[in-house]
Structure formats: structure tokens, C-alpha cells
file start.csv (CSV, C-alpha atoms)
chain,number,residue,atom,x,y,z
A,1,MET,CA,0.0,0.0,0.0
A,2,LYS,CA,1.4,3.4,-0.9
A,3,GLN,CA,1.7,5.9,1.8
A,4,GLU,CA,1.2,9.7,1.5
A,5,THR,CA,3.3,10.5,4.5
A,6,THR,CA,6.9,9.6,5.2
A,7,GLN,CA,7.9,7.2,8.0
A,8,LYS,CA,11.6,7.9,7.6
A,9,ALA,CA,13.2,11.4,7.9
A,10,ILE,CA,14.6,12.6,4.6
A,11,SER,CA,17.4,15.1,4.6
A,12,LEU,CA,17.6,18.1,2.2
A,13,LYS,CA,20.6,16.6,0.4
A,14,ALA,CA,18.6,13.4,-0.3
A,15,LEU,CA,15.5,15.3,-1.6
A,16,THR,CA,14.4,14.5,-5.1
A,17,LYS,CA,11.4,15.3,-7.3
A,18,SER,CA,10.1,11.9,-6.5
A,19,ASN,CA,10.5,11.5,-2.7
A,20,VAL,CA,9.5,15.1,-2.1
A,21,TRP,CA,6.0,13.9,-2.4
A,22,ASP,CA,6.6,11.7,0.7
A,23,VAL,CA,7.2,14.7,3.0
A,24,GLN,CA,4.9,17.2,4.5
A,25,GLU,CA,5.1,21.0,5.1
A,26,ASN,CA,6.6,20.7,8.6
A,27,ASP,CA,9.3,18.3,7.2
A,28,ILE,CA,10.3,21.0,4.7
A,29,PHE,CA,10.8,23.6,7.5
A,30,ARG,CA,12.7,21.0,9.5
A,31,MET,CA,15.1,20.3,6.6
A,32,TRP,CA,15.7,24.0,6.2
A,33,GLU,CA,17.0,24.5,9.7
A,34,GLY,CA,20.8,25.0,9.8
A,35,VAL,CA,21.2,25.1,6.0
A,36,ASP,CA,23.6,28.1,6.5
A,37,LYS,CA,26.0,25.8,8.3
A,38,ASP,CA,26.4,23.5,5.4
A,39,SER,CA,28.5,25.1,2.5
A,40,GLU,CA,27.4,22.4,0.0
A,41,ILE,CA,23.7,23.0,0.6
A,42,LYS,CA,24.2,26.8,0.6
A,43,GLU,CA,25.7,26.5,-2.9
A,44,ASN,CA,22.6,24.6,-4.2
A,45,LEU,CA,19.8,26.2,-2.3
A,46,ARG,CA,18.0,27.3,-5.4
A,47,ARG,CA,18.0,23.8,-6.8
A,48,TYR,CA,16.4,22.5,-3.6
A,49,VAL,CA,13.8,25.2,-3.8
A,50,ASP,CA,13.0,24.1,-7.3
A,51,ILE,CA,12.6,20.5,-6.1
A,52,ILE,CA,10.3,21.6,-3.3
A,53,LYS,CA,8.1,23.6,-5.7
A,54,THR,CA,7.4,20.5,-7.8
A,55,ALA,CA,5.3,19.1,-4.9
A,56,PHE,CA,4.4,22.2,-2.9
A,57,LEU,CA,2.9,25.6,-3.5
A,58,VAL,CA,5.4,28.1,-2.1
A,59,GLU,CA,4.5,31.7,-1.4
A,60,GLU,CA,6.9,34.3,0.0
A,61,LEU,CA,4.9,36.6,2.3
A,62,LYS,CA,6.1,40.2,1.9
A,63,ASP,CA,3.4,41.1,4.4
A,64,ASP,CA,3.9,38.8,7.3
A,65,THR,CA,1.4,40.4,9.6
A,66,LYS,CA,-0.8,38.3,11.7
A,67,LEU,CA,-3.8,39.1,9.5
A,68,MET,CA,-2.1,38.0,6.3
A,69,LYS,CA,-0.7,34.8,8.0
A,70,GLY,CA,-4.2,34.0,9.1
A,71,LYS,CA,-5.6,34.2,5.6
A,72,TYR,CA,-3.0,31.7,4.3
A,73,GLU,CA,-3.5,29.4,7.2
A,74,LYS,CA,-7.2,29.3,6.4
A,75,MET,CA,-6.3,28.1,2.9
A,76,GLY,CA,-4.3,25.2,4.4
A,77,TYR,CA,-0.8,26.7,4.2
A,78,LYS,CA,1.9,26.2,6.9
A,79,ILE,CA,3.9,29.3,7.7
A,80,ALA,CA,7.5,29.6,9.0
A,81,THR,CA,10.6,31.9,8.6
A,82,VAL,CA,13.5,30.5,6.5
A,83,LYS,CA,16.8,31.8,5.2
A,84,ILE,CA,17.6,31.9,1.5
A,85,ASP,CA,21.3,32.3,0.5
A,86,ASP,CA,23.0,35.0,2.6
A,87,ALA,CA,20.0,37.3,2.5
A,88,ALA,CA,17.8,38.2,5.4
A,89,LYS,CA,15.2,35.7,6.6
A,90,VAL,CA,11.9,35.5,4.7
A,91,THR,CA,8.5,34.2,5.6
A,92,TRP,CA,7.3,31.2,3.6
A,93,ALA,CA,3.7,29.9,3.3
A,94,ILE,CA,3.8,26.4,1.8
A,95,LYS,CA,1.1,23.8,1.0
A,96,LYS,CA,1.2,20.4,-0.6
A,97,ARG,CA,0.1,20.6,-4.2
A,98,PRO,CA,-3.4,19.0,-4.4
A,99,ILE,CA,-3.9,16.1,-6.8
A,100,MET,CA,-7.4,16.8,-7.9
A,101,ARG,CA,-7.5,16.3,-11.7
A,102,VAL,CA,-5.9,13.8,-14.0
A,103,SER,CA,-3.7,16.7,-15.3
A,104,ASP,CA,-2.1,16.9,-11.8
A,105,LEU,CA,-0.7,13.4,-12.2
A,106,THR,CA,3.0,13.0,-13.0
A,107,TYR,CA,5.5,10.2,-13.1
A,108,GLU,CA,6.9,11.7,-9.8
A,109,ASN,CA,3.7,11.7,-7.8
A,110,ILE,CA,1.9,8.7,-9.3
A,111,THR,CA,3.8,6.3,-7.0
A,112,HIS,CA,2.8,8.2,-3.9
A,113,ILE,CA,-1.0,7.9,-4.0
A,114,SER,CA,-3.2,5.0,-3.2
A,115,ALA,CA,-5.6,3.2,-5.6
A,116,ALA,CA,-8.5,4.7,-3.7
A,117,LYS,CA,-7.1,8.2,-4.3
A,118,LEU,CA,-6.6,7.5,-8.0
A,119,VAL,CA,-10.2,6.3,-8.4
A,120,GLU,CA,-11.3,9.5,-6.7
A,121,VAL,CA,-9.3,11.6,-9.2
A,122,LEU,CA,-10.6,9.6,-12.1
A,123,GLU,CA,-14.2,9.8,-10.9
A,124,ARG,CA,-13.9,13.6,-10.7
A,125,ASN,CA,-12.8,13.9,-14.3
A,126,PHE,CA,-14.5,11.0,-16.0
A,127,GLY,CA,-17.3,10.8,-18.5
A,128,GLY,CA,-16.0,8.9,-21.5
A,129,GLY,CA,-14.2,6.0,-19.9
A,130,TRP,CA,-10.6,4.9,-19.8
A,131,GLU,CA,-10.0,5.3,-23.6
A,132,SER,CA,-11.1,8.9,-23.3
A,133,LEU,CA,-8.0,9.8,-21.3
A,134,PRO,CA,-5.0,11.1,-23.3
A,135,GLN,CA,-2.4,8.5,-24.0
A,136,SER,CA,0.2,10.5,-21.9
A,137,ILE,CA,-2.1,10.3,-18.8
A,138,GLN,CA,-2.7,6.6,-19.4
A,139,ASP,CA,1.1,6.0,-19.5
A,140,ILE,CA,1.6,7.9,-16.3
A,141,ILE,CA,-1.1,6.0,-14.5
A,142,GLU,CA,0.1,2.6,-15.8
A,143,SER,CA,3.6,3.3,-14.6
A,144,GLY,CA,2.3,2.9,-11.0
A,145,PHE,CA,-0.9,0.9,-11.3
A,146,GLU,CA,-2.3,-2.2,-12.8
A,147,ILE,CA,-5.3,-1.2,-14.9
A,148,SER,CA,-7.9,-3.4,-16.6
A,149,THR,CA,-11.4,-2.6,-17.9
A,150,THR,CA,-14.5,-4.4,-19.0
A,151,THR,CA,-17.8,-3.1,-20.5
A,152,LEU,CA,-21.0,-5.0,-19.9
A,153,PRO,CA,-24.7,-4.6,-19.7
A,154,GLN,CA,-25.6,-3.0,-16.4
A,155,ASN,CA,-27.5,-6.1,-15.2
A,156,ARG,CA,-24.6,-8.4,-15.9
A,157,LEU,CA,-21.7,-6.5,-14.4
A,158,HIS,CA,-22.2,-7.8,-10.9
A,159,LYS,CA,-22.9,-11.4,-11.9
A,160,PRO,CA,-21.8,-13.6,-8.9
A,161,GLY,CA,-18.4,-15.1,-9.6
A,162,GLY,CA,-17.8,-12.9,-12.6
A,163,MET,CA,-14.8,-10.6,-13.4
A,164,TYR,CA,-16.0,-7.9,-11.1
A,165,ASP,CA,-16.1,-10.2,-8.0
A,166,ARG,CA,-12.7,-11.7,-9.0
A,167,LYS,CA,-11.0,-8.4,-9.3
A,168,VAL,CA,-12.4,-7.0,-6.1
A,169,ASN,CA,-11.4,-10.2,-4.2
A,170,ASP,CA,-7.9,-9.7,-5.7
A,171,GLY,CA,-7.6,-6.2,-4.1
A,172,PHE,CA,-8.6,-4.0,-7.0
A,173,GLU,CA,-10.5,-0.7,-6.5
A,174,VAL,CA,-13.3,-0.2,-9.0
A,175,LEU,CA,-14.7,2.8,-10.8
A,176,GLU,CA,-17.9,2.3,-12.7
A,177,VAL,CA,-18.6,4.6,-15.6
A,178,PRO,CA,-22.3,4.4,-16.9
A,179,LYS,CA,-22.8,4.2,-20.6
A,180,GLY,CA,-26.5,4.1,-21.1
A,181,THR,CA,-27.7,0.6,-20.1
A,182,TRP,CA,-24.0,-0.5,-20.2
A,183,VAL,CA,-21.3,0.1,-17.7
A,184,GLU,CA,-17.5,0.3,-18.1
A,185,ALA,CA,-15.7,-1.0,-15.0
A,186,ILE,CA,-12.2,0.3,-14.5
A,187,PHE,CA,-10.1,-1.8,-12.1
A,188,VAL,CA,-7.2,-0.2,-10.3
A,189,LYS,CA,-4.5,-1.8,-8.2
A,190,VAL,CA,-1.1,-0.5,-7.0
A,191,LYS,CA,1.8,-2.2,-8.9
A,192,PRO,CA,4.1,-4.2,-6.6
A,193,ALA,CA,7.5,-2.7,-6.0
A,194,MET,CA,10.0,-4.1,-8.5
A,195,GLU,CA,13.5,-4.8,-7.5
A,196,LYS,CA,16.0,-3.5,-10.1
A,197,PRO,CA,18.0,-6.4,-11.6
A,198,ARG,CA,21.6,-6.4,-10.9
A,199,LEU,CA,24.0,-6.3,-13.8
A,200,GLN,CA,26.0,-9.5,-14.0
A,201,LEU,CA,29.2,-9.3,-16.1
A,202,GLN,CA,30.1,-12.5,-17.8
A,203,PRO,CA,33.7,-13.3,-18.7
A,204,LYS,CA,34.5,-13.1,-22.4
A,205,LEU,CA,34.8,-16.6,-24.0
A,206,ASP,CA,37.2,-17.6,-26.7
A,207,ASP,CA,35.8,-19.0,-29.9
A,208,ASP,CA,36.8,-22.5,-29.0
A,209,GLU,CA,34.9,-22.2,-25.7
A,210,LEU,CA,31.5,-21.2,-27.1
A,211,PRO,CA,28.7,-23.7,-26.7
A,212,ILE,CA,28.1,-26.0,-29.6
A,213,ASP,CA,24.6,-24.6,-30.1
A,214,ASP,CA,26.1,-21.2,-31.0
A,215,TYR,CA,27.6,-22.7,-34.1
A,216,LYS,CA,24.3,-24.2,-35.3
A,217,ASN,CA,22.4,-22.7,-38.2
A,218,HIS,CA,18.7,-22.9,-37.8
A,219,ASP,CA,16.7,-23.5,-41.0
A,220,ASP,CA,13.7,-21.2,-41.6
A,221,ASP,CA,11.6,-24.3,-42.2
A,222,ASP,CA,12.1,-25.2,-38.5
A,223,ASP,CA,10.1,-22.2,-37.4
A,224,GLU,CA,6.5,-23.0,-37.2
A,225,ILE,CA,3.8,-20.4,-37.7
A,226,VAL,CA,0.9,-21.0,-35.4
A,227,GLU,CA,-2.4,-19.9,-36.9
A,228,PRO,CA,-4.9,-18.3,-34.5
A,229,ALA,CA,-7.9,-20.4,-33.6
A,230,ASP,CA,-11.2,-19.4,-35.1
A,231,PHE,CA,-13.1,-17.1,-32.8
A,232,ASN,CA,-16.5,-18.3,-31.7
A,233,ASP,CA,-19.3,-16.0,-30.7
A,234,ASP,CA,-20.1,-18.2,-27.8
A,235,ASP,CA,-16.7,-17.4,-26.3
A,236,ILE,CA,-17.8,-13.8,-25.5
A,237,ASN,CA,-18.0,-13.2,-21.8
A,238,GLU,CA,-17.4,-10.5,-19.2
A,239,ASP,CA,-13.6,-11.0,-19.6
A,240,ASN,CA,-13.5,-10.0,-23.2
A,241,TYR,CA,-16.0,-7.2,-23.5
A,242,ARG,CA,-13.6,-4.2,-23.9
A,243,THR,CA,-14.1,-0.6,-24.7
A,244,THR,CA,-11.7,-1.1,-27.7
A,245,PHE,CA,-13.8,-3.8,-29.3
A,246,ALA,CA,-15.7,-2.9,-32.4
A,247,ILE,CA,-19.2,-4.3,-32.0
A,248,GLU,CA,-20.9,-5.1,-35.3
A,249,THR,CA,-24.5,-6.1,-35.9
A,250,ASP,CA,-25.9,-8.6,-38.4
A,251,PRO,CA,-26.7,-6.7,-41.6
A,252,ASP,CA,-29.9,-8.7,-41.9
A,253,GLU,CA,-31.1,-7.4,-38.6
A,254,GLU,CA,-32.2,-4.0,-37.6
A,255,ALA,CA,-29.4,-1.9,-36.2
A,256,GLY,CA,-29.7,-0.5,-32.7
A,257,ASP,CA,-27.7,1.4,-30.2
A,258,LEU,CA,-25.9,-0.3,-27.4
A,259,GLU,CA,-28.3,1.4,-25.0
A,260,ASP,CA,-31.2,-0.6,-26.6
A,261,TYR,CA,-29.5,-3.9,-25.7
A,262,VAL,CA,-31.8,-6.2,-23.8
A,263,ASP,CA,-30.2,-9.1,-21.9
A,264,GLU,CA,-32.2,-12.2,-22.9
A,265,GLU,CA,-30.7,-14.4,-20.2

call {"tool": "encode", "arguments": {"input": "start.csv", "output": "C-alpha cells"}}
result
Amino acid sequence: MKQETTQKAISLKALTKSNVWDVQENDIFRMWEGVDKDSEIKENLRRYVDIIKTAFLVEELKDDTKLMKGKYEKMGYKIATVKIDDAAKVTWAIKKRPIMRVSDLTYENITHISAAKLVEVLERNFGGGWESLPQSIQDIIESGFEISTTTLPQNRLHKPGGMYDRKVNDGFEVLEVPKGTWVEAIFVKVKPAMEKPRLQLQPKLDDDELPIDDYKNHDDDDDEIVEPADFNDDDINEDNYRTTFAIETDPDEEAGDLEDYVDEE
């Protein structure tokens, strides 16, 4: 489960555009304490400010009266005095950038929200279903989440033992997008953390040490081409109804919209 708060203190030197989403406003002020005592940090303060601004709204209060501070605090900002470069101290009002719309999602913050939070964001922006999202947004989401969809008549979506039940039992959050008498179900689950493979260097082999198989020539005739099995209409079920399928009607029958579909079961 992804966490939106940090359990381990992060230093300013270790701050990146990714892990900055793990910290909160008070953590930023804590990191900033004593920066003037570290020459390496002082030389790179502007870079750290830029990193912080990727995840936080940062306002420098020229008017730091109690009245002005109160206005920002009502908007959810945390306020403290910090020192930038060798200049005099300034008053900062900072607040975590809200992730409210799909346009707020980035490769840096997508791994720091929960599946429930993603469903909330999608629900706030949805109307046309998964395929209505720009490809760039789909790529960002799929970098941190497992996504699968199915589109079924409304009265068949929750069929006991069907895809819906199996996905929910497997820990997926679900967003249902109505489409007339049909419903598109979008299943969302956090991808497990992947351990980066270690690079293993193999010693270079002389020609006479290469395996015998490396000298073999494979005839093209040995490669078999597997023809796909014929598709049977009876095979259609809740697992293969997708929003990307082109649904065609029999030309001898009267055409009708999907919304006019009547489940004969």
C-alpha cells in the first residue's frame, strides 16, 4: 500500500522530485533548519527550492502580519521563517500541491498515491471512460498501477463469480462509468515494487569455448507459424468485452444502439 506520509526522515541533500511527495510541510521547514551551516547545501539552495516547488505551493509573504498569515492558514498553508542564500530571513507559506485532476498526475507523484485516491481523481474527471484519457495520462497511471477494464450490460456487471467479483477479491479498487444501459468498470491496483535487476558481467569466452549450439544454423523451415484459432461468438463473456472492441451487428437485422440492448438471459 502506498503511503502519502513519510515514515523515515529525509534530509535536504537526499531530496528528489520523486521522494519530495513523501514529505509534509513541517518536514520542509525541519530540513531547512541550519542550512547556512552546510556550505554544500548553501551553494545549491535554489536547486532544492525548485525541487520543493514540484510538490508544494510556495509563497513568500512580503506582508507577514498576523492578519495575512491568518488568511493563508485558512487556505491550508503552513507558515515559517526561513533563510535563502545569505539574504535576510523571509517568511514562507507552503502547502502540498493537491492532486485533484488527471492533469495533476505526474511520473513523480503517481507512485505516492493510493488506488482509492486514483479512483477519486478519475471519478472527478471521467465521462467517456478509460479510452477517453489522453495516452500520456494513461502511460503515467500505468507506470504505477495495474489497470484493466470491462464493459458489460448493467444487469450483468455484478454477476456472482464474474470478473467484477474476482477483481475485487484480488484487491482492486473499481470505478464504474455508466454508458446508457451498459457500464464500463475500471479496475485499479497498485503495482508491486519491482527490484531492479543487478548487472552481471560474464567473462568473455574464446571462440573455442563457445557452446556448440552457438555454431548451429537454424533453417527457416524449423520455425512453425501458429495460426490463431477461429473465434467463436459463444466465447464472448465478461472478460473479453472491452471498450476497444468494435461491435458489429448482423446486416440482416435492424441496427440498434448499445443502449437498446436487452439481456435475454

call {"tool": "residues_around", "arguments": {"input": "start.csv", "residues": "Lys83 of chain A", "least_positions_apart": "5", "cutoff": "8 Å", "atoms": "all atoms listed in the file", "output": "ChimeraX atom specification"}}
result
/A:32,36,88-90

call {"tool": "closest_residue", "arguments": {"input": "start.csv", "among": "A:Thr81, A:Ser39, A:Thr91, A:Ser148", "to": "Lys13 of chain A", "atoms": "only C-alpha atoms"}}
result
A:Ser39

call {"tool": "residues_around", "arguments": {"input": "start.csv", "residues": "segment 175-186 of chain A", "least_positions_apart": "2", "cutoff": "6 Å", "atoms": "only C-alpha atoms", "output": "ChimeraX atom specification"}}
result
/A:149-154,259

call {"tool": "closest_residue", "arguments": {"input": "start.csv", "among": "A:Leu133, A:Met163, A:Leu118, A:Val190", "to": "Glu146 of chain A", "atoms": "all atoms listed in the file"}}
result
A:Val190

call {"tool": "residues_around", "arguments": {"input": "start.csv", "residues": "Thr111 of chain A", "least_positions_apart": "2", "cutoff": "12 Å", "atoms": "only C-alpha atoms", "output": "JSON, numbers by chain"}}
result
{"A": [1, 2, 3, 4, 17, 18, 19, 20, 21, 22, 105, 106, 107, 108, 109, 113, 114, 115, 117, 118, 140, 141, 142, 143, 144, 145, 146, 189, 190, 191, 192, 193]}

call {"tool": "closest_residue", "arguments": {"input": "start.csv", "among": "A:Ile79, A:Val188, A:Ile84, A:Val102", "to": "Gln135 of chain A", "atoms": "all atoms listed in the file"}}
result
A:Val102

call {"tool": "atom_distance", "arguments": {"input": "start.csv", "atom1": "atom CA of Glu131 of chain A", "atom2": "atom CA of His112 of chain A"}}
result
23.7 Å

call {"tool": "atom_distance", "arguments": {"input": "start.csv", "atom1": "atom CA of Pro134 of chain A", "atom2": "atom CA of Arg97 of chain A"}}
result
21.9 Å

call {"tool": "closest_residue", "arguments": {"input": "start.csv", "among": "A:Asp63, A:Val23, A:Phe187, A:Ile110", "to": "Asp170 of chain A", "atoms": "all atoms listed in the file"}}
result
A:Phe187

call {"tool": "atom_distance", "arguments": {"input": "start.csv", "atom1": "atom CA of Asp104 of chain A", "atom2": "atom CA of Val82 of chain A"}}
result
27.6 Å

call {"tool": "closest_residue", "arguments": {"input": "start.csv", "among": "A:Arg156, A:Ala93, A:Gly76, A:Glu33", "to": "Asp64 of chain A", "atoms": "only C-alpha atoms"}}
result
A:Ala93

call {"tool": "closest_residue", "arguments": {"input": "start.csv", "among": "A:Asn125, A:Asn169, A:Ser11, A:Ser103", "to": "Gly34 of chain A", "atoms": "only C-alpha atoms"}}
result
A:Ser11
